[in-house]
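J.: Below is the file upload-v2.cif, which contains mmCIF, C-alpha atoms.
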data_data
#
loop_
_atom_site.label_atom_id
_atom_site.label_comp_id
_atom_site.auth_asym_id
_atom_site.auth_seq_id
_atom_site.Cartn_x
_atom_site.Cartn_y
_atom_site.Cartn_z
CA MET A 89 0.00 0.00 0.00
CA VAL A 90 1.39 3.35 -0.99
CA ARG A 91 0.57 6.04 1.50
CA GLU A 92 -1.83 8.68 0.37
CA MET A 93 0.09 11.93 -0.28
CA ALA A 94 -2.78 14.22 -1.27
CA GLY A 95 -2.29 13.67 -4.97
CA LEU A 96 1.49 13.39 -5.16
CA ASP A 97 2.84 10.23 -6.76
CA GLU A 98 6.01 8.14 -6.78
CA GLY A 99 6.77 9.28 -10.31
CA GLY A 100 9.45 11.84 -9.63
CA PRO A 101 11.05 13.92 -6.90
CA LEU A 102 8.36 15.06 -4.48
CA PHE A 103 9.84 18.55 -4.17
CA ALA A 104 9.34 19.09 -7.91
CA GLN A 105 5.74 17.91 -7.63
CA VAL A 106 5.10 20.30 -4.74
CA ALA A 107 6.56 23.16 -6.80
CA GLU A 108 4.39 22.19 -9.75
CA ARG A 109 1.25 22.06 -7.61
CA LEU A 110 1.93 25.52 -6.18
CA ALA A 111 2.72 26.89 -9.64
CA GLY A 112 -0.55 25.42 -10.89
CA GLU A 113 -2.49 27.13 -8.12
CA ILE A 114 -0.87 30.46 -8.90
CA ALA A 115 -1.54 30.09 -12.63
CA ASP A 116 -5.19 29.19 -11.98
CA GLY A 117 -5.61 32.17 -9.67
CA GLY A 118 -6.26 30.02 -6.58
CA LEU A 119 -3.24 31.68 -5.00
CA ALA A 120 -3.53 35.37 -5.94
CA GLU A 121 -0.53 37.64 -6.32
CA GLY A 122 0.39 39.02 -2.92
CA ALA A 123 -1.25 36.08 -1.14
CA ARG A 124 0.66 34.17 1.51
CA VAL A 125 1.87 30.76 0.34
CA PRO A 126 1.30 27.87 2.78
CA SER A 127 4.28 27.39 5.09
CA THR A 128 6.70 24.51 4.83
CA ASN A 129 5.05 22.79 7.78
CA GLU A 130 1.55 23.35 6.42
CA LEU A 131 2.56 21.81 3.10
CA ALA A 132 4.34 18.94 4.85
CA ALA A 133 1.23 18.13 6.90
CA PHE A 134 -1.10 18.43 3.91
CA TYR A 135 0.94 16.29 1.53
CA ARG A 136 2.24 14.07 4.36
CA ILE A 137 5.84 14.60 3.35
CA ASN A 138 9.08 15.59 5.05
CA PRO A 139 9.20 19.38 5.72
CA ALA A 140 12.64 19.59 4.08
CA THR A 141 11.10 18.24 0.89
CA ALA A 142 8.31 20.83 1.06
CA ALA A 143 10.85 23.59 1.69
CA LYS A 144 12.81 22.52 -1.37
CA GLY A 145 9.64 22.78 -3.46
CA ILE A 146 8.95 26.31 -2.22
CA ASN A 147 12.55 27.29 -2.90
CA VAL A 148 12.26 26.24 -6.54
CA LEU A 149 9.57 28.88 -7.04
CA ALA A 150 11.37 31.45 -4.91
CA ASP A 151 14.54 30.98 -6.98
CA GLU A 152 12.52 31.61 -10.12
CA GLY A 153 11.28 34.88 -8.65
CA LEU A 154 7.70 33.66 -8.44
CA LEU A 155 7.61 33.98 -4.66
CA ASP A 156 8.86 36.76 -2.39
CA LYS A 157 10.25 36.04 1.03
CA ARG A 158 9.21 38.41 3.77
CA ARG A 159 11.46 37.84 6.70
CA GLY A 160 9.72 36.41 9.73
CA ILE A 161 6.32 36.29 8.01
CA GLY A 162 6.64 33.80 5.17
CA MET A 163 6.47 33.47 1.41
CA PHE A 164 4.13 35.47 -0.80
CA VAL A 165 3.17 35.21 -4.46
CA ALA A 166 5.27 37.77 -6.34
CA ALA A 167 3.80 40.43 -8.62
CA GLY A 168 3.74 39.17 -12.21
CA ALA A 169 4.03 35.52 -11.15
CA ARG A 170 0.75 34.51 -12.75
CA ALA A 171 1.62 36.09 -16.10
CA THR A 172 5.03 34.41 -16.07
CA LEU A 173 3.51 31.01 -15.36
CA LEU A 174 0.78 31.38 -17.98
CA ALA A 175 3.36 32.41 -20.60
CA ARG A 176 5.45 29.37 -19.66
CA ARG A 177 2.49 27.03 -19.94
CA ARG A 178 1.61 28.51 -23.31
CA ALA A 179 5.16 27.94 -24.52
CA GLU A 180 4.96 24.32 -23.32
CA PHE A 181 1.52 23.72 -24.82
CA THR A 182 2.71 22.51 -28.20
CA GLY A 183 5.24 20.07 -26.80
CA ARG A 184 3.05 18.74 -24.01
CA TYR A 185 -0.30 18.45 -25.75
CA VAL A 186 -0.16 19.03 -29.50
CA VAL A 187 2.80 16.77 -30.31
CA PRO A 188 1.47 13.71 -28.41
CA LEU A 189 -1.96 14.30 -29.95
CA LEU A 190 -0.47 14.30 -33.44
CA THR A 191 1.68 11.24 -32.67
CA GLU A 192 -1.34 9.20 -31.60
CA ALA A 193 -3.47 10.55 -34.47
CA THR A 194 -0.81 9.47 -36.98
CA ARG A 195 -0.66 6.05 -35.37
CA LEU A 196 -4.44 5.70 -35.79
CA GLY A 197 -4.47 7.10 -39.33
CA ILE A 198 -6.42 10.24 -38.39
CA ASP A 199 -5.42 13.00 -40.78
CA ALA A 200 -5.20 16.72 -40.01
CA ASP A 201 -8.68 17.61 -41.37
CA GLU A 202 -10.30 14.81 -39.41
CA LEU A 203 -8.40 15.86 -36.29
CA ILE A 204 -9.52 19.48 -36.60
CA ALA A 205 -13.10 18.31 -37.09
CA LEU A 206 -12.82 16.15 -33.95
CA ILE A 207 -11.47 19.05 -31.92
CA LYS A 208 -14.32 21.32 -33.05
CA GLU A 209 -16.92 18.67 -32.42
CA THR A 210 -15.62 17.96 -28.91
CA GLY A 211 -15.43 21.68 -28.19
CA ASN A 212 -19.06 22.13 -29.21
CA GLU A 213 -20.15 19.19 -27.06
CA ARG A 214 -18.37 20.66 -24.05
CA GLU A 215 -19.93 24.03 -24.62
CA GLY A 216 -23.34 22.39 -24.88
CA ALA A 217 -22.75 20.44 -21.68
CA SER A 218 -21.70 23.47 -19.68
CA LEU A 219 -24.83 25.47 -20.59
CA MET B 34 27.29 21.90 13.29
CA THR B 35 28.12 18.61 15.06
CA PRO B 36 26.07 15.83 13.48
CA ALA B 37 23.51 14.20 15.78
CA ILE B 38 24.97 10.78 15.08
CA SER B 39 28.42 9.94 13.83
CA VAL B 40 29.59 6.37 13.38
CA THR B 41 32.99 5.36 12.01
CA GLY B 42 34.34 1.89 11.40
CA LEU B 43 31.69 0.33 13.62
CA THR B 44 31.85 -3.44 13.80
CA ARG B 45 29.80 -5.68 16.08
CA ARG B 46 30.75 -9.35 16.22
CA TYR B 47 28.78 -12.11 17.85
CA PRO B 48 30.32 -15.54 18.37
CA ASP B 49 28.49 -16.92 15.34
CA GLN B 50 28.19 -13.88 13.06
CA VAL B 51 29.18 -10.30 12.25
CA ALA B 52 26.10 -8.13 12.86
CA LEU B 53 27.71 -4.86 11.76
CA ASP B 54 30.73 -4.76 9.50
CA ASP B 55 32.73 -1.53 9.29
CA VAL B 56 29.73 0.82 9.29
CA HIS B 57 30.30 4.50 8.56
CA LEU B 58 27.34 6.79 9.01
CA THR B 59 26.59 10.44 9.68
CA ILE B 60 23.11 11.63 10.57
CA GLY B 61 22.54 15.38 10.54
CA THR B 62 20.75 17.21 13.33
CA GLU B 63 16.98 17.63 12.90
CA THR B 64 16.42 15.21 10.06
CA ILE B 65 14.14 12.22 9.60
CA THR B 66 16.06 9.24 8.27
CA GLY B 67 14.69 5.90 7.17
CA LEU B 68 16.79 2.92 8.24
CA LEU B 69 15.95 0.17 5.80
CA GLY B 70 17.03 -3.37 5.10
CA ARG B 71 16.03 -6.98 5.44
CA ASN B 72 15.49 -8.85 8.69
CA GLY B 73 18.82 -9.62 10.28
CA ALA B 74 20.62 -6.94 8.25
CA GLY B 75 21.84 -5.28 11.45
CA LYS B 76 19.31 -2.45 11.92
CA THR B 77 18.34 -3.36 15.47
CA THR B 78 21.96 -3.90 16.53
CA LEU B 79 22.87 -0.46 15.16
CA LEU B 80 19.97 1.23 16.97
CA ARG B 81 20.77 -0.57 20.23
CA ILE B 82 24.40 0.53 20.01
CA LEU B 83 23.30 4.13 19.31
CA ALA B 84 21.08 3.92 22.39
CA GLY B 85 23.94 2.63 24.54
CA GLN B 86 22.22 -0.71 25.10
CA GLU B 87 24.90 -2.69 23.36
CA PHE B 88 28.63 -2.18 22.82
CA PRO B 89 30.65 -2.03 19.62
CA SER B 90 33.33 -4.68 19.08
CA SER B 91 35.37 -1.96 17.43
CA GLY B 92 34.93 1.47 15.90
CA SER B 93 33.65 4.76 17.18
CA VAL B 94 30.08 5.86 17.92
CA ARG B 95 29.11 9.39 18.85
CA VAL B 96 25.60 10.56 19.63
CA LEU B 97 25.13 14.28 20.30
CA GLY B 98 28.91 14.56 20.28
CA SER B 99 29.78 11.83 22.81
CA PRO B 100 29.87 8.03 23.06
CA PRO B 101 26.40 7.01 24.30
CA ALA B 102 27.35 3.96 26.36
CA GLU B 103 26.83 4.59 30.09
CA ASN B 104 26.68 8.31 29.38
CA GLN B 105 23.69 9.83 31.17
CA ASN B 106 24.21 13.18 29.49
CA VAL B 107 23.48 11.53 26.14
CA LEU B 108 21.00 8.87 27.22
CA ARG B 109 18.53 11.28 28.83
CA ARG B 110 18.36 13.15 25.52
CA LEU B 111 17.69 9.99 23.54
CA VAL B 112 14.77 7.59 23.27
CA LEU B 113 14.65 4.18 21.60
CA VAL B 114 11.28 2.60 20.91
CA ARG B 115 11.69 -1.08 20.21
CA GLU B 116 9.48 -3.56 18.48
CA ASP B 117 9.65 -5.81 21.53
CA GLN B 118 9.52 -3.08 24.16
CA VAL B 119 10.06 -4.59 27.62
CA TYR B 120 7.93 -3.34 30.50
CA PRO B 121 8.37 -4.30 34.18
CA ASP B 122 8.00 -7.89 35.18
CA PHE B 123 4.31 -8.65 35.54
CA GLN B 124 5.02 -11.25 38.24
CA VAL B 125 6.47 -8.54 40.43
CA TYR B 126 4.14 -5.70 39.40
CA PRO B 127 0.90 -7.34 38.31
CA ASN B 128 -0.99 -4.05 38.32
CA PHE B 129 1.44 -2.03 36.25
CA LYS B 130 -0.73 0.22 34.11
CA VAL B 131 -0.30 2.40 31.03
CA SER B 132 -0.35 5.45 33.30
CA HIS B 133 2.54 4.00 35.33
CA ALA B 134 4.60 3.49 32.17
CA LEU B 135 3.98 7.13 31.25
CA ARG B 136 4.89 8.29 34.77
CA ALA B 137 8.15 6.34 34.58
CA ALA B 138 8.89 7.87 31.18
CA SER B 139 8.19 11.37 32.52
CA PHE B 140 11.03 10.88 35.02
CA CYS B 141 13.45 9.68 32.35
CA TYR B 142 12.96 12.41 29.76
CA PRO B 143 13.49 16.07 30.68
CA ASN B 144 11.37 17.33 27.75
CA TRP B 145 8.47 14.97 28.48
CA ASP B 146 5.08 16.42 27.49
CA ALA B 147 2.27 14.82 29.48
CA GLY B 148 -0.43 16.63 27.49
CA LEU B 149 0.94 15.24 24.25
CA ALA B 150 1.09 11.74 25.75
CA SER B 151 -2.57 11.78 26.75
CA SER B 152 -3.67 13.19 23.41
CA LEU B 153 -1.74 10.42 21.62
CA LEU B 154 -3.33 7.77 23.85
CA LYS B 155 -6.71 9.23 22.97
CA ASP B 156 -5.91 9.11 19.23
CA PHE B 157 -4.87 5.47 19.56
CA GLY B 158 -7.90 4.64 21.69
CA LEU B 159 -5.78 3.44 24.60
CA ARG B 160 -6.97 3.96 28.20
CA ALA B 161 -4.42 5.12 30.77
CA GLY B 162 -5.94 2.80 33.39
CA LYS B 163 -5.45 -0.33 31.31
CA ALA B 164 -3.06 -2.94 32.72
CA ILE B 165 0.05 -3.41 30.60
CA LYS B 166 -0.16 -7.20 30.80
CA SER B 167 -3.57 -7.14 29.10
CA LEU B 168 -2.50 -4.95 26.17
CA SER B 169 -2.69 -6.41 22.68
CA ARG B 170 0.37 -6.31 20.44
CA GLY B 171 -0.95 -3.24 18.62
CA GLN B 172 -1.74 -1.48 21.91
CA ARG B 173 1.79 -2.12 23.11
CA SER B 174 3.08 -0.56 19.92
CA ALA B 175 0.77 2.42 20.42
CA LEU B 176 2.16 2.88 23.93
CA GLY B 177 5.73 2.68 22.63
CA ILE B 178 5.02 5.29 19.97
CA THR B 179 3.31 7.52 22.54
CA ILE B 180 6.38 7.39 24.77
CA GLY B 181 8.72 7.89 21.81
CA LEU B 182 6.96 11.05 20.65
CA ALA B 183 6.04 12.54 24.04
CA ALA B 184 9.65 12.19 25.23
CA ARG B 185 10.54 14.93 22.74
CA ALA B 186 14.08 13.60 22.91
CA GLU B 187 16.70 15.24 20.72
CA VAL B 188 17.51 11.85 19.24
CA THR B 189 14.44 9.69 18.68
CA LEU B 190 15.00 6.13 17.50
CA PHE B 191 12.10 3.94 16.34
CA ASP B 192 12.85 0.29 15.62
CA GLU B 193 9.91 -1.19 13.68
CA PRO B 194 7.59 0.54 16.12
CA TYR B 195 4.27 -0.59 14.77
CA ALA B 196 3.84 -4.34 15.10
CA GLY B 197 0.13 -5.13 15.25
CA LEU B 198 -1.00 -1.61 14.34
CA ASP B 199 -3.59 -1.36 11.59
CA ALA B 200 -3.34 1.06 8.66
CA VAL B 201 -5.43 3.72 10.40
CA ALA B 202 -3.25 3.67 13.52
CA ARG B 203 -0.09 3.80 11.40
CA GLN B 204 -1.43 6.85 9.59
CA ILE B 205 -1.99 8.46 12.99
CA PHE B 206 1.64 7.70 13.81
CA TYR B 207 2.95 9.22 10.56
CA ASP B 208 0.79 12.33 10.87
CA ARG B 209 1.64 12.91 14.53
CA LEU B 210 5.32 12.30 13.86
CA LEU B 211 5.33 14.99 11.15
CA ALA B 212 3.34 17.42 13.30
CA GLU B 213 5.66 16.86 16.28
CA TYR B 214 8.74 17.18 14.11
CA ALA B 215 7.40 20.48 12.74
CA ASP B 216 6.73 21.90 16.21
CA PHE B 217 9.78 20.45 17.96
CA PRO B 218 12.38 19.47 15.39
CA ARG B 219 14.56 16.56 16.47
CA THR B 220 16.69 13.85 14.90
CA VAL B 221 14.55 10.86 14.03
CA LEU B 222 15.80 7.49 12.86
CA LEU B 223 13.00 5.11 11.86
CA SER B 224 13.61 1.53 10.86
CA THR B 225 10.74 0.02 8.93
CA HIS B 226 9.68 -2.67 6.49
CA LEU B 227 6.75 -0.61 5.27
CA ILE B 228 8.94 1.42 2.97
CA ASP B 229 6.42 2.72 0.45
CA GLU B 230 4.14 3.74 3.26
CA ALA B 231 6.78 5.73 5.11
CA ALA B 232 8.94 6.86 2.17
CA ALA B 233 7.63 10.44 1.95
CA LEU B 234 8.50 11.07 5.61
CA PHE B 235 12.20 10.60 5.02
CA GLU B 236 14.72 13.27 4.19
CA ASN B 237 17.43 10.61 3.93
CA VAL B 238 17.51 6.86 3.64
CA VAL B 239 20.16 4.43 4.83
CA VAL B 240 19.99 0.86 3.58
CA ILE B 241 21.84 -1.83 5.49
CA ASP B 242 22.52 -5.25 4.03
CA ARG B 243 24.38 -8.01 5.87
CA GLY B 244 25.88 -5.56 8.33
CA ARG B 245 27.08 -3.05 5.76
CA VAL B 246 25.69 0.27 4.57
CA VAL B 247 24.86 -0.23 0.89
CA LEU B 248 22.98 3.02 0.29
CA ASP B 249 23.07 6.35 2.12
CA THR B 250 21.43 9.18 0.25
CA ALA B 251 18.76 11.88 0.09
CA ALA B 252 15.38 10.16 -0.29
CA ASP B 253 13.88 12.57 -2.78
CA GLY B 254 16.91 12.23 -5.04
CA LEU B 255 16.12 8.52 -5.43
CA ARG B 256 12.65 9.14 -6.75
CA GLY B 257 12.67 8.87 -10.50
CA MET B 258 16.29 7.71 -10.41
CA VAL B 259 15.50 4.23 -11.70
CA THR B 260 12.89 3.57 -14.35
CA THR B 261 11.42 0.51 -15.98
CA VAL B 262 11.24 0.93 -19.74
CA SER B 263 8.92 -1.46 -21.53
CA GLY B 264 7.63 -1.92 -25.05
CA PRO B 265 8.79 -3.36 -28.38
CA VAL B 266 12.27 -4.92 -28.14
CA LEU B 267 13.94 -2.75 -30.78
CA ALA B 268 12.53 0.46 -29.35
CA VAL B 269 13.51 -0.49 -25.79
CA ASP B 270 17.05 -1.33 -26.85
CA SER B 271 17.45 1.85 -28.84
CA PHE B 272 16.10 3.94 -25.94
CA THR B 273 18.28 2.36 -23.24
CA GLN B 274 21.46 2.17 -25.30
CA GLY B 275 24.46 3.63 -23.48
CA ARG B 276 22.64 3.81 -20.14
CA PRO B 277 23.35 1.77 -17.00
CA VAL B 278 20.91 -1.12 -16.92
CA TRP B 279 20.11 -3.31 -13.91
CA GLU B 280 17.94 -5.90 -15.48
CA ARG B 281 16.62 -6.88 -18.85
CA ARG B 282 13.73 -9.22 -19.50
CA GLY B 283 12.12 -10.20 -22.73
CA LEU B 284 8.92 -11.89 -23.82
CA GLY B 285 8.50 -12.43 -27.55
CA SER B 286 8.67 -9.07 -29.28
CA GLN B 287 8.34 -7.20 -25.95
CA ALA B 288 11.14 -6.22 -23.57
CA SER B 289 11.35 -4.64 -20.15
CA VAL B 290 14.54 -2.99 -18.96
CA VAL B 291 15.33 -1.45 -15.57
CA MET B 292 17.39 1.63 -16.33
CA VAL B 293 19.35 3.88 -13.95
CA GLY B 294 19.41 7.67 -14.35
CA GLN B 295 17.02 10.61 -14.42
CA VAL B 296 14.57 10.77 -17.30
CA SER B 297 14.48 14.18 -18.97
CA ASP B 298 11.49 15.76 -20.74
CA ASP B 299 13.19 15.00 -24.06
CA ASP B 300 13.52 11.35 -23.00
CA ARG B 301 9.81 11.26 -22.21
CA GLU B 302 9.00 12.74 -25.56
CA ARG B 303 11.15 10.17 -27.30
CA ALA B 304 9.68 7.30 -25.30
CA ARG B 305 6.21 8.43 -26.28
CA SER B 306 7.04 8.57 -29.96
CA LEU B 307 8.65 5.11 -29.74
CA GLY B 308 5.54 3.75 -28.03
CA LEU B 309 7.38 2.93 -24.79
CA ASP B 310 6.04 2.92 -21.25
CA LEU B 311 8.17 4.49 -18.52
CA THR B 312 7.41 3.44 -14.95
CA PRO B 313 9.49 4.79 -12.09
CA LEU B 314 10.72 2.30 -9.51
CA SER B 315 9.34 2.99 -6.04
CA LEU B 316 11.68 3.41 -3.07
CA GLN B 317 10.62 -0.03 -1.86
CA GLN B 318 11.66 -1.67 -5.12
CA LEU B 319 14.93 0.26 -5.03
CA VAL B 320 15.69 -0.98 -1.55
CA ILE B 321 14.86 -4.55 -2.49
CA ARG B 322 17.39 -4.32 -5.30
CA ALA B 323 20.00 -2.57 -3.15
CA SER B 324 19.67 -5.26 -0.46
CA GLY B 325 19.56 -8.24 -2.75
CA GLY B 326 23.24 -8.02 -3.61
CA SER B 327 22.12 -7.03 -7.10
CA ALA B 328 25.06 -6.35 -9.35
CA GLY B 329 23.54 -3.06 -10.43
CA ALA B 330 23.07 -1.58 -6.98
CA GLY B 331 26.66 -0.39 -6.92
CA SER B 332 26.06 1.98 -9.79
CA LEU B 333 23.24 3.61 -7.86
CA THR B 334 25.41 4.05 -4.78
CA MET B 335 28.05 5.67 -6.91
CA ARG B 336 25.66 7.95 -8.69
CA THR B 337 23.83 9.21 -5.64
CA SER B 338 26.58 9.59 -3.07
CA ALA B 339 27.31 13.30 -2.78
#
Is it possible to give me this structure as structure tokens?

T.:
Amino acid sequence: MVREMAGLDEGGPLFAQVAERLAGEIADGGLAEGARVPSTNELAAFYRINPATAAKGINVLADEGLLDKRRGIGMFVAAGARATLLARRRAEFTGRYVVPLLTEATRLGIDADELIALIKETGNEREGASL
Amino acid sequence: MTPAISVTGLTRRYPDQVALDDVHLTIGTETITGLLGRNGAGKTTLLRILAGQEFPSSGSVRVLGSPPAENQNVLRRLVLVREDQVYPDFQVYPNFKVSHALRAASFCYPNWDAGLASSLLKDFGLRAGKAIKSLSRGQRSALGITIGLAARAEVTLFDEPYAGLDAVARQIFYDRLLAEYADFPRTVLLSTHLIDEAAALFENVVVIDRGRVVLDTAADGLRGMVTTVSGPVLAVDSFTQGRPVWERRGLGSQASVVMVGQVSDDDRERARSLGLDLTPLSLQQLVIRASGGSAGAGSLTMRTSA
């Protein structure tokens, strides 16, 4: 039985996963700019991981300038962090989503026109479902 | 800073076997370290020597800067919770209760927190008035863990502390250990067989096999360090070419290779386009390989030792 770690997995270093989770929350607006980031101990308790691992995750974002340290108070989301993260995600979009999509489509013999039609169709269905 | 635990050239010989064979180990202050290995690997002997309950045949052992044996200044700042914790002789003290065990502990440990002890008992569903002789195996473990945490000792050693505890009670232990460590940081050494369960608690892991340290490294660095690559033979071989490989298995046109080394985003991309599956090895699987005398384990030791 693998212990439940609030969504983290065995797949890679836990500190990197913690950093990615926090970055995701900032990009989605869940952690607004200027908001206090959960402390090392809060993250450790939530994810059920060693506090040093949580601290390493926070430091990744701090080193990238996405978090500001205020001495004695804690870490806060830096101004411009959300825009930086969204730009990064956009830059990664092709590699992470479009390329694998095309790879699998080629494998299945789905050509570009058919793929575009599928994307539009699925988009319309989603729109319909959310109304 | 002086490390909490420093062991050099430690050997412990028994008439019929060598329990510890030239062990070198440094454990930093305020860390949680997993002590892993098979039964009989030497984990308990090491912990008992650290706790001054057994003597080295040769080598040097320092805990909090001094040899622990018969050293009250060290021993009162150290707690060892054992799998087979011994409580007073029930023939002599038939009415020895949980509350008495806690009282006795409160005299031994200067940082003892009675409030914490009773809240832990409550979490574990253990009554203070219960006689020790009537405790189940799991309840004995719960009492040991309660004493180990409430002692708030600078060096806290747990030797397989949870015999008979169910998954819920073990989760209570892990959560309370993390909470306690956050509030009152201390040096924790935890030996366990339930590696996957406890893996995320560890900052470092030490693996002992047949009396020797075979792995001593940062736990998070191990994650994603070894990967199983599986898929069509030709693709697997092309992907793993030039990389250290622990094991290779084949079945018809399919192959599965255990490969050492971090997997980059480019690697992932390539694996995907080759139709390969990448599955990281869990800490538990890593330890099994490191303790099995596997030929490949050496390459991991080399690659991860700082």

J.: Selection in question (the file shown): the PyMOL selection byres ((chain B and resi 295) around 8). Which residues does it include, as a PyMOL selection string?

T.: chain B and resi 257-259+293-294+296-297

J.: For chain A, report every residue with an atom at most 12 Å from chain B (counting all atoms listed in the file), formatted as an MDAnalysis selection string.

T.: chainID A and resid 89:94 96:106 127:145 180 182:195

J.: Contacts of Gly168 in chain A at 9 Å or less, counting all atoms listed in the file, minus same-chain residues fewer than 3 places along, as a PyMOL selection string?

T.: chain A and resi 121+154+165+171-173

J.: So the first atom is CA of Ala164 in chain B and the second is CA of Lys130 in chain B; what is the distance between them in Å, to one decimal place?

T.: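 About the pair CA of Ala164 in chain B and CA of Lys130 in chain B: they are 4.2 Å apart.
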
J.: Just to confirm, what's the straight-line distance from CA of Val131 in chain B to CA of Trp145 in chain B in Å (one decimal)?

T.: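 Computed distance, CA of Val131 in chain B to CA of Trp145 in chain B, equals 15.5 Å.
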
J.: Once the PyMOL selection byres ((chain A and resi 170) around 12) has been applied to the shown file, what residues remain in the selection, as a count of residues only?

T.: 30

J.: Evaluated on this file, the PyMOL selection byres ((chain B and resi 132) around 10) picks out some residues - which ones are they, written as a PyMOL selection string?

T.: chain B and resi 129-131+133-138+150-151+160-165

J.: Could you check how far CA of Thr189 in chain B sits from CA of Gly162 in chain A, in Å to one decimal?

T.: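 Separation of CA of Thr189 in chain B and CA of Gly162 in chain A: 28.7 Å.
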
J.: Excluding Ile38 in chain B and any residue of its chain fewer than 5 positions from it, enumerate the residues within 7 Å of it, using all atoms listed in the file, and give them as a PDB file with C-alpha atoms, in the coordinates of the input.

T.:
ATOM      1  CA  THR B  59      26.590  10.440   9.680  1.00  0.00           C
ATOM      2  CA  ILE B  60      23.110  11.630  10.570  1.00  0.00           C
ATOM      3  CA  GLY B  61      22.540  15.380  10.540  1.00  0.00           C
ATOM      4  CA  ARG B  95      29.110   9.390  18.850  1.00  0.00           C
ATOM      5  CA  VAL B  96      25.600  10.560  19.630  1.00  0.00           C
ATOM      6  CA  LEU B  97      25.130  14.280  20.300  1.00  0.00           C
TER       7      LEU B  97
END
